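**Q** Contents of model.cif (mmCIF, C-alpha atoms) are below:
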data_protein
#
loop_
_atom_site.label_atom_id
_atom_site.label_comp_id
_atom_site.auth_asym_id
_atom_site.auth_seq_id
_atom_site.Cartn_x
_atom_site.Cartn_y
_atom_site.Cartn_z
CA MET T 1 -3.64 30.33 8.20
CA SER T 2 -6.18 28.61 10.43
CA ARG T 3 -5.58 25.09 9.10
CA PRO T 4 -2.30 23.13 9.36
CA GLY T 5 0.22 23.69 6.59
CA TYR T 6 1.15 20.04 6.56
CA ILE T 7 0.29 16.82 8.37
CA PHE T 8 2.23 13.59 8.89
CA LEU T 9 0.08 10.48 8.51
CA THR T 10 1.64 7.22 9.67
CA CYS T 11 -0.34 4.22 8.43
CA PRO T 12 0.37 1.15 6.24
CA ASP T 13 -3.19 0.95 4.84
CA ALA T 14 -3.82 3.00 1.66
CA GLU T 15 -7.60 3.08 2.13
CA LEU T 16 -7.34 4.38 5.70
CA LEU T 17 -4.92 7.06 4.49
CA HIS T 18 -7.34 8.07 1.75
CA ALA T 19 -10.25 8.24 4.20
CA ARG T 20 -8.28 10.29 6.74
CA ILE T 21 -7.07 12.75 4.11
CA SER T 22 -10.67 13.21 2.91
CA GLU T 23 -11.80 13.86 6.49
CA LEU T 24 -9.03 16.41 7.04
CA LEU T 25 -9.83 18.22 3.81
CA GLU T 26 -13.50 18.40 4.75
CA SER T 27 -12.90 19.52 8.33
CA ASN T 28 -10.55 22.26 7.11
CA ASN T 29 -12.92 23.51 4.39
CA ALA T 30 -10.50 22.29 1.75
CA SER T 31 -12.60 19.68 -0.06
CA ASP T 32 -12.39 21.66 -3.29
CA PHE T 33 -8.59 21.93 -3.27
CA GLU T 34 -6.86 20.57 -6.38
CA LYS T 35 -5.38 17.21 -5.43
CA LYS T 36 -1.80 16.43 -6.49
CA VAL T 37 -0.21 13.05 -5.68
CA TYR T 38 3.53 12.33 -5.69
CA TRP T 39 5.54 9.21 -4.84
CA ALA T 40 8.53 9.56 -2.52
CA ASP T 41 10.35 6.34 -3.40
CA GLU T 42 11.66 7.97 -6.57
CA ASP T 43 13.23 11.36 -7.34
CA LEU T 44 10.66 14.06 -6.66
CA PRO T 45 10.04 16.25 -9.73
CA SER T 46 10.38 20.03 -9.74
CA ASN T 47 6.57 20.30 -9.90
CA PHE T 48 6.38 18.87 -6.38
CA TRP T 49 8.59 21.60 -4.94
CA ASP T 50 6.74 24.26 -6.92
CA ASP T 51 3.41 23.01 -5.58
CA LEU T 52 4.69 23.52 -2.04
CA THR T 53 6.24 26.96 -2.30
CA LEU T 54 4.74 28.85 -5.26
CA GLN T 55 1.43 30.67 -5.36
CA THR T 56 -0.69 29.80 -8.37
CA LEU T 57 -1.48 32.48 -10.92
CA PHE T 58 -5.21 32.49 -10.13
CA GLY T 59 -4.87 31.89 -6.41
CA SER T 60 -6.22 28.32 -6.39
CA SER T 61 -5.26 26.00 -3.54
CA LYS T 62 -3.66 22.56 -3.70
CA ALA T 63 -3.84 19.44 -1.56
CA VAL T 64 -0.46 17.80 -2.10
CA VAL T 65 -0.23 14.13 -1.11
CA LEU T 66 3.24 12.61 -0.73
CA ARG T 67 2.87 8.80 -0.75
CA ARG T 68 5.40 6.32 0.67
CA ALA T 69 7.35 9.09 2.40
CA HIS T 70 9.05 6.54 4.65
CA LYS T 71 11.30 5.88 1.63
CA ILE T 72 12.69 9.44 1.55
CA LYS T 73 16.48 9.71 1.82
CA THR T 74 18.32 12.00 4.24
CA ALA T 75 19.20 14.63 1.63
CA THR T 76 15.57 14.91 0.53
CA TRP T 77 14.36 15.28 4.12
CA LYS T 78 16.70 18.25 4.47
CA MET T 79 15.25 19.81 1.32
CA LEU T 80 11.70 19.14 2.50
CA ASP T 81 12.48 20.65 5.89
CA LYS T 82 13.52 23.91 4.20
CA ALA T 83 10.56 23.86 1.83
CA LEU T 84 8.09 23.49 4.70
CA ALA T 85 9.59 26.50 6.42
CA SER T 86 8.41 28.59 3.45
CA LEU T 87 5.28 26.62 2.60
CA SER T 88 2.79 28.51 0.47
CA ASP T 89 -0.51 29.47 2.14
CA SER T 90 -2.30 27.86 -0.80
CA SER T 91 -0.70 24.44 -0.20
CA PHE T 92 -1.92 21.73 2.17
CA LEU T 93 0.63 18.90 2.35
CA PHE T 94 -0.08 15.34 3.52
CA ILE T 95 3.09 13.33 4.19
CA CYS T 96 2.26 9.60 4.26
CA LEU T 97 4.62 7.30 6.17
CA GLU T 98 3.48 3.86 5.02
CA GLY T 99 6.08 1.51 6.49
CA LYS T 100 5.04 -1.65 8.28
CA TRP T 101 4.46 -1.18 12.00
CA GLU T 102 6.69 -3.05 14.41
CA ARG T 103 6.12 -3.90 18.05
CA LYS T 104 8.06 -0.85 19.19
CA GLY T 105 5.49 1.45 17.60
CA PRO T 106 4.99 3.72 14.58
CA PRO T 107 7.70 3.37 11.89
CA VAL T 108 8.90 6.99 11.89
CA PRO T 109 12.38 7.18 10.28
CA ALA T 110 15.09 8.20 12.73
CA VAL T 111 16.36 10.84 10.31
CA LEU T 112 12.91 12.46 10.26
CA LYS T 113 12.68 12.71 14.04
CA LYS T 114 15.70 15.03 13.96
CA ARG T 115 14.13 17.42 11.46
CA LYS T 116 12.45 20.64 12.56
CA CYS T 117 9.37 19.92 10.43
CA TRP T 118 8.63 16.76 12.45
CA GLN T 119 9.36 18.33 15.82
CA PHE T 120 7.12 21.29 14.99
CA ALA T 121 4.36 18.99 13.72
CA GLU T 122 4.42 17.01 16.96
CA LYS T 123 4.23 20.22 18.99
CA GLN T 124 1.28 21.46 16.92
CA LYS T 125 -0.34 18.00 16.88
CA TRP T 126 -0.10 17.90 13.10
CA THR T 127 0.27 14.13 13.14
CA TRP T 128 -2.04 11.13 12.80
CA GLN T 129 -1.20 7.49 13.37
CA SER T 130 -2.92 4.18 12.70
CA ALA T 131 -1.47 0.69 12.60
CA GLY T 132 -4.26 -0.36 10.25
CA LEU T 133 -7.17 -2.67 10.97
CA ASP T 134 -6.84 -5.39 13.57
CA GLU T 135 -9.17 -7.20 15.97
CA LYS T 136 -9.45 -4.05 18.12
CA SER T 137 -9.64 -1.23 15.58
CA ILE T 138 -11.98 -2.98 13.15
CA ALA T 139 -14.81 -2.62 15.68
CA GLY T 140 -14.49 1.16 15.43
CA PHE T 141 -14.34 0.87 11.64
CA ILE T 142 -17.66 -1.01 11.70
CA ASN T 143 -19.24 1.45 14.15
CA LYS T 144 -18.29 4.36 11.91
CA TRP T 145 -19.79 2.60 8.88
CA ALA T 146 -22.98 1.74 10.76
CA ALA T 147 -23.44 5.32 11.94
CA LYS T 148 -22.90 6.70 8.44
CA THR T 149 -25.31 4.28 6.79
CA SER T 150 -27.84 4.08 9.68
CA ILE T 151 -27.40 0.29 9.73
CA THR T 152 -28.33 -1.51 12.97
CA MET T 153 -27.36 -4.98 14.13
CA GLU T 154 -27.52 -7.15 17.23
CA ASN T 155 -24.32 -7.60 19.26
CA PRO T 156 -23.84 -11.26 18.20
CA VAL T 157 -24.04 -10.20 14.55
CA LYS T 158 -21.55 -7.42 15.16
CA ASN T 159 -19.13 -9.80 16.91
CA SER T 160 -19.33 -12.20 13.97
CA LEU T 161 -18.79 -9.34 11.53
CA ILE T 162 -15.67 -8.24 13.40
CA LYS T 163 -14.20 -11.71 12.95
CA ALA T 164 -15.34 -12.13 9.35
CA LEU T 165 -14.18 -8.88 7.76
CA PRO T 166 -10.73 -8.81 6.11
CA LYS T 167 -8.17 -6.65 7.89
CA ASP T 168 -7.50 -4.59 4.78
CA ALA T 169 -9.62 -1.41 4.83
CA ARG T 170 -10.38 -1.38 1.10
CA ALA T 171 -11.42 -5.02 1.15
CA ALA T 172 -13.49 -4.48 4.30
CA LYS T 173 -15.22 -1.47 2.73
CA LEU T 174 -16.19 -3.50 -0.34
CA GLU T 175 -17.71 -6.20 1.87
CA LEU T 176 -19.60 -3.59 3.91
CA ASP T 177 -20.99 -2.08 0.70
CA LYS T 178 -22.48 -5.48 -0.14
CA LEU T 179 -23.92 -5.82 3.35
CA GLU T 180 -25.52 -2.38 3.13
CA LEU T 181 -27.42 -3.52 0.04
CA ALA T 182 -28.41 -6.75 1.78
CA ALA T 183 -29.77 -4.85 4.78
CA GLY T 184 -32.27 -3.21 2.41
CA SER T 185 -34.76 -0.54 3.36
CA GLU T 186 -35.10 -1.93 6.89
CA LYS T 187 -31.45 -1.02 7.53
CA LYS T 188 -30.99 -4.04 9.76
CA LEU T 189 -28.08 -6.44 9.34
CA LEU T 190 -28.84 -10.08 10.08
CA ALA T 191 -26.57 -13.06 10.73
CA ASP T 192 -27.65 -14.60 7.41
CA HIS T 193 -26.29 -11.60 5.54
CA LEU T 194 -22.73 -12.37 6.69
CA SER T 195 -22.61 -15.36 4.34
CA MET T 196 -22.06 -12.82 1.55
CA ILE T 197 -18.57 -12.00 2.80
CA ALA T 198 -15.85 -13.47 0.59
CA PHE T 199 -13.57 -15.61 2.71
CA SER T 200 -10.55 -15.71 0.42
CA ASP T 201 -7.12 -16.24 1.91
CA ASP T 202 -4.50 -13.55 1.39
CA MET T 203 -2.12 -14.41 -1.39
CA ASN T 204 1.04 -16.16 -0.25
CA PHE T 205 3.62 -14.68 -2.58
CA PHE T 206 6.03 -17.61 -2.64
CA GLU T 207 3.19 -19.99 -3.49
CA PHE T 208 1.95 -17.57 -6.14
CA MET T 209 5.39 -17.21 -7.74
CA ASN T 210 6.11 -20.92 -7.45
CA ALA T 211 2.79 -21.70 -9.17
CA ILE T 212 3.74 -19.47 -12.09
CA SER T 213 7.28 -20.85 -12.36
CA GLN T 214 6.04 -24.45 -12.35
CA GLY T 215 3.44 -23.88 -15.03
CA GLY T 216 0.46 -23.63 -12.72
CA ASP T 217 -3.03 -23.32 -14.14
CA PRO T 218 -3.06 -19.85 -15.83
CA ILE T 219 -6.78 -19.46 -15.18
CA GLU T 220 -6.35 -20.05 -11.45
CA ILE T 221 -3.35 -17.69 -11.29
CA TRP T 222 -5.28 -14.92 -13.02
CA ARG T 223 -8.33 -15.56 -10.84
CA ARG T 224 -6.26 -15.02 -7.70
CA VAL T 225 -4.89 -11.76 -9.07
CA LEU T 226 -8.11 -10.30 -10.43
CA THR T 227 -10.39 -11.32 -7.55
CA ASN T 228 -7.96 -10.79 -4.67
CA HIS T 229 -9.73 -8.58 -2.18
CA MET T 230 -6.91 -6.09 -1.66
CA GLU T 231 -7.03 -2.61 -3.17
CA LYS T 232 -5.37 -2.65 -6.58
CA ASP T 233 -2.64 -0.07 -5.81
CA SER T 234 -1.93 -1.77 -2.47
CA MET T 235 -1.75 -5.15 -4.18
CA VAL T 236 0.56 -4.15 -7.01
CA PHE T 237 3.04 -2.55 -4.62
CA MET T 238 2.79 -5.57 -2.33
CA LEU T 239 3.64 -7.74 -5.32
CA THR T 240 6.54 -5.58 -6.51
CA ALA T 241 8.00 -5.34 -3.00
CA SER T 242 7.64 -9.11 -2.51
CA LEU T 243 9.04 -9.79 -5.97
CA THR T 244 12.11 -7.65 -5.24
CA ARG T 245 12.76 -9.44 -1.95
CA GLU T 246 12.21 -12.81 -3.60
CA ALA T 247 14.53 -12.03 -6.51
CA ARG T 248 17.24 -10.80 -4.13
CA ALA T 249 16.99 -13.95 -2.02
CA LEU T 250 17.06 -16.23 -5.08
CA TRP T 251 20.09 -14.40 -6.48
CA MET T 252 22.00 -14.72 -3.20
CA MET T 253 21.21 -18.41 -2.91
CA LEU T 254 22.29 -19.06 -6.47
CA HIS T 255 25.62 -17.33 -5.84
CA GLY T 256 26.69 -19.04 -2.62
CA GLU T 257 25.25 -16.53 -0.15
CA GLU T 258 22.47 -18.73 1.19
CA SER T 259 23.79 -18.29 4.75
CA SER T 260 22.72 -14.63 4.55
CA VAL T 261 19.14 -15.63 3.69
CA ARG T 262 17.42 -16.17 7.02
CA LEU T 263 14.70 -18.71 6.43
CA PRO T 264 13.71 -22.13 7.82
CA PRO T 265 15.73 -24.95 6.19
CA PHE T 266 12.76 -26.47 4.35
CA VAL T 267 11.86 -23.07 2.85
CA LYS T 268 15.47 -22.52 1.80
CA LYS T 269 15.44 -25.87 0.06
CA GLN T 270 12.33 -24.90 -1.91
CA LYS T 271 13.77 -21.53 -2.87
CA MET T 272 17.08 -23.05 -3.92
CA ALA T 273 15.22 -25.44 -6.22
CA LEU T 274 13.32 -22.50 -7.69
CA ALA T 275 16.53 -20.45 -8.15
CA GLN T 276 18.26 -23.31 -9.93
CA ARG T 277 15.26 -23.94 -12.14
CA ILE T 278 14.85 -20.37 -13.41
CA GLY T 279 18.56 -19.46 -13.54
CA PRO T 280 20.44 -16.14 -13.10
CA ALA T 281 19.23 -14.45 -16.30
CA ARG T 282 15.56 -14.78 -15.39
CA ILE T 283 16.20 -13.78 -11.79
CA ALA T 284 17.87 -10.59 -13.06
CA LYS T 285 14.91 -9.99 -15.36
CA LEU T 286 12.60 -9.94 -12.34
CA PHE T 287 14.09 -6.60 -11.27
CA ASP T 288 13.31 -5.12 -14.71
CA ILE T 289 9.70 -6.31 -14.45
CA VAL T 290 9.34 -4.63 -11.06
CA MET T 291 10.79 -1.35 -12.31
CA GLU T 292 8.54 -1.30 -15.38
CA ALA T 293 5.40 -1.83 -13.25
CA GLU T 294 6.27 0.85 -10.69
CA ILE T 295 7.37 3.44 -13.24
CA GLY T 296 4.19 2.84 -15.25
CA ILE T 297 2.02 3.71 -12.24
CA LYS T 298 4.05 6.62 -10.91
CA THR T 299 4.31 8.35 -14.27
CA GLY T 300 0.58 7.97 -14.80
CA ASN T 301 1.04 5.88 -17.94
CA ARG T 302 -0.75 2.93 -16.35
CA LYS T 303 -3.50 2.50 -13.81
CA PRO T 304 -2.67 0.19 -10.87
CA GLU T 305 -4.94 -2.57 -12.19
CA GLN T 306 -3.31 -2.36 -15.64
CA ALA T 307 0.17 -2.54 -14.13
CA LEU T 308 -0.93 -5.49 -12.00
CA GLU T 309 -2.24 -7.47 -14.95
CA LEU T 310 0.84 -6.70 -17.04
CA LEU T 311 3.07 -7.68 -14.12
CA VAL T 312 1.49 -11.12 -13.84
CA ALA T 313 1.52 -11.53 -17.62
CA ALA T 314 5.25 -10.72 -17.68
CA LEU T 315 5.92 -13.22 -14.89
CA THR T 316 3.89 -15.90 -16.67
CA SER T 317 5.85 -15.31 -19.87
CA LEU T 318 9.19 -15.24 -18.07
CA PHE T 319 8.60 -18.58 -16.38
CA ALA T 320 6.81 -20.29 -19.29
CA SER T 321 9.90 -22.21 -20.44
CA THR T 322 11.13 -23.06 -16.92
CA ALA T 323 8.19 -25.22 -15.88
CA PRO T 324 8.83 -28.96 -15.53
CA ASN T 325 8.47 -30.90 -18.78
CA ARG T 326 8.23 -27.76 -20.88
CA GLY T 327 11.43 -27.71 -22.88
CA ARG T 328 14.73 -25.99 -22.17
CA ARG T 329 15.65 -24.70 -18.73
#
For this file, write the structure as structure tokens.
**A**
Amino acid sequence: MSRPGYIFLTCPDAELLHARISELLESNNASDFEKKVYWADEDLPSNFWDDLTLQTLFGSSKAVVLRRAHKIKTATWKMLDKALASLSDSSFLFICLEGKWERKGPPVPAVLKKRKCWQFAEKQKWTWQSAGLDEKSIAGFINKWAAKTSITMENPVKNSLIKALPKDARAAKLELDKLELAAGSEKKLLADHLSMIAFSDDMNFFEFMNAISQGGDPIEIWRRVLTNHMEKDSMVFMLTASLTREARALWMMLHGEESSVRLPPFVKKQKMALAQRIGPARIAKLFDIVMEAEIGIKTGNRKPEQALELLVAALTSLFASTAPNRGRR
């Protein structure tokens, strides 16, 4: 077949992944392929393997997207390696490695680098990498948007826009959509238009969780969740990942393993106070809350925004009786 059978995409930003996949589908005349999305941080169902290797009854083609593939275990990589060797001509697989980038470069798992599928993909240039938006790459993001929308702007306005936009692609896109409307029929962006950009700080998870556990203003807590500028599926997984790390640290500190928790002393002191206030039973319950949210999304029973709201509601309920001056501890 003239197009690639599969492509590895290494990027921590869900919106950039979505945009790149759309571009690849269009450039390979595959925009009408049926899209199937699977999540690699859980056991992959039989349907996933069937979508890779079996021809459909009516000859339709599939664009199979494997999210969070950096979580795949060694045994599954071996299975995937074999499956890709007999990949169906009707399947176009996108393997998304979404781990956080480090200074040493793209977070490609060591076990993957040894697999034939990766080595062949590198040889064929079936790979794409992006560290996400930063001070350098966001200029190109803006240029691409300006070209697509025919928006013009003076260099000082562009420089200010580079500094003002959030470094999350979904959030940046939402702000650019507002600016496109502001530019109007003249298609010219002015400095005054930049005042429309929402300058909201990214959520600090410890502060967020501490606010809930101490009986913080429920309206303010919900406002931060529902108006946070991050994409909903990115945000809910950020919260579940942070919640898991937080619960693990609190559990260790409560059970005499604080030396294994590498944090500044003043932060440790705050976390120890939080751990003692909520107790072991509620810390253990945090893991159940995480699992329920993630399973709800990955099974399709809940949309990301629904899971996010239920997650915060569950946390609020869990901590309701642990806040100072609110009854038993």
**Q** Translate the PyMOL selection byres ((chain T and resi 151-165) around 10), as applied to the file shown, into an explicit residue set as a ChimeraX atom specification.
**A** /T:133-143,145-150,166-169,171-176,179-180,183-195,197-199
**Q** Could you tell me which residues the PyMOL selection byres ((chain T and resi 124-130) around 6) returns for this structure, as a ChimeraX atom specification?
**A** /T:7-11,121-123,131-132
**Q** Find the spatial neighbours of segment 96-112 of chain T, counting only C-alpha atoms, within a cut-off of 12 Å - ignore same-chain residues fewer than 4 positions away - and output them as a VMD selection string.
**A** chain T and resid 6 to 18 20 to 21 37 to 41 64 to 81 116 to 122 127 to 133 234 237 to 238 241
**Q** Within 10 Å of Leu254 of chain T, counting all atoms listed in the file, which residues show up once you throw out same-chain ones fewer than 5 positions away? Write them as a ChimeraX atom specification, please.
**A** /T:248-249,271-276,279-280,283
**Q** Neighbours of Glu292 of chain T within 12 Å (only C-alpha atoms; same-chain residues fewer than 3 positions away dropped), as a CSV table (one decimal) with C-alpha atoms, in the frame of the given file?
**A**
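Everything below was put into out.csv:
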chain,number,residue,atom,x,y,z
T,236,VAL,CA,0.6,-4.2,-7.0
T,240,THR,CA,6.5,-5.6,-6.5
T,285,LYS,CA,14.9,-10.0,-15.4
T,286,LEU,CA,12.6,-9.9,-12.3
T,287,PHE,CA,14.1,-6.6,-11.3
T,288,ASP,CA,13.3,-5.1,-14.7
T,289,ILE,CA,9.7,-6.3,-14.4
T,295,ILE,CA,7.4,3.4,-13.2
T,296,GLY,CA,4.2,2.8,-15.2
T,297,ILE,CA,2.0,3.7,-12.2
T,298,LYS,CA,4.0,6.6,-10.9
T,299,THR,CA,4.3,8.4,-14.3
T,301,ASN,CA,1.0,5.9,-17.9
T,302,ARG,CA,-0.8,2.9,-16.4
T,306,GLN,CA,-3.3,-2.4,-15.6
T,307,ALA,CA,0.2,-2.5,-14.1
T,308,LEU,CA,-0.9,-5.5,-12.0
T,310,LEU,CA,0.8,-6.7,-17.0
T,311,LEU,CA,3.1,-7.7,-14.1
T,314,ALA,CA,5.2,-10.7,-17.7
**Q** Work out how far apart atom CA of Ala247 of chain T and atom CA of Ala313 of chain T are and give it in Å to one decimal.
**A**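 So the two atoms, atom CA of Ala247 of chain T and atom CA of Ala313 of chain T, lie 17.1 Å apart.
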**Q** Between atom CA of Leu243 of chain T and atom CA of Gly300 of chain T, what is the distance, to one decimal in Å?
**A** 21.6 Å
**Q** So the first atom is atom CA of Arg115 of chain T and the second is atom CA of Gly5 of chain T; what is the distance between them in Å, to one decimal place?
**A** 16.0 Å
**Q** Kindly extract all protein, DNA and RNA residues lying within 12 Å of the coordinates (-11.0, 19.6, 4.4) given in the file, considering only C-alpha atoms, and supply them as a PDB file with C-alpha atoms, keeping the file's coordinate frame.
**A**
ATOM      1  CA  SER T   2      -6.180  28.610  10.430  1.00  0.00           C
ATOM      2  CA  ARG T   3      -5.580  25.090   9.100  1.00  0.00           C
ATOM      3  CA  PRO T   4      -2.300  23.130   9.360  1.00  0.00           C
ATOM      4  CA  ALA T  19     -10.250   8.240   4.200  1.00  0.00           C
ATOM      5  CA  ARG T  20      -8.280  10.290   6.740  1.00  0.00           C
ATOM      6  CA  ILE T  21      -7.070  12.750   4.110  1.00  0.00           C
ATOM      7  CA  SER T  22     -10.670  13.210   2.910  1.00  0.00           C
ATOM      8  CA  GLU T  23     -11.800  13.860   6.490  1.00  0.00           C
ATOM      9  CA  LEU T  24      -9.030  16.410   7.040  1.00  0.00           C
ATOM     10  CA  LEU T  25      -9.830  18.220   3.810  1.00  0.00           C
ATOM     11  CA  GLU T  26     -13.500  18.400   4.750  1.00  0.00           C
ATOM     12  CA  SER T  27     -12.900  19.520   8.330  1.00  0.00           C
ATOM     13  CA  ASN T  28     -10.550  22.260   7.110  1.00  0.00           C
ATOM     14  CA  ASN T  29     -12.920  23.510   4.390  1.00  0.00           C
ATOM     15  CA  ALA T  30     -10.500  22.290   1.750  1.00  0.00           C
ATOM     16  CA  SER T  31     -12.600  19.680  -0.060  1.00  0.00           C
ATOM     17  CA  ASP T  32     -12.390  21.660  -3.290  1.00  0.00           C
ATOM     18  CA  PHE T  33      -8.590  21.930  -3.270  1.00  0.00           C
ATOM     19  CA  GLU T  34      -6.860  20.570  -6.380  1.00  0.00           C
ATOM     20  CA  LYS T  35      -5.380  17.210  -5.430  1.00  0.00           C
ATOM     21  CA  SER T  61      -5.260  26.000  -3.540  1.00  0.00           C
ATOM     22  CA  LYS T  62      -3.660  22.560  -3.700  1.00  0.00           C
ATOM     23  CA  ALA T  63      -3.840  19.440  -1.560  1.00  0.00           C
ATOM     24  CA  PHE T  92      -1.920  21.730   2.170  1.00  0.00           C
ATOM     25  CA  LEU T  93       0.630  18.900   2.350  1.00  0.00           C
ATOM     26  CA  PHE T  94      -0.080  15.340   3.520  1.00  0.00           C
TER      27      PHE T  94
END
**Q** Nearest to Val312 of chain T among T:Leu250, T:Glu257, T:Glu294, T:Leu239, with distances taken over only C-alpha atoms: which residue is it?
**A** T:Leu239
**Q** Rank T:Met196, T:Leu318, T:Arg170, T:Gln270 by their smallest atom-to-atom distance to Ala182 of chain T, using all atoms listed in the file, and report the top residue only.
**A**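 Distance minimum relative to Ala182 of chain T lands on T:Met196.
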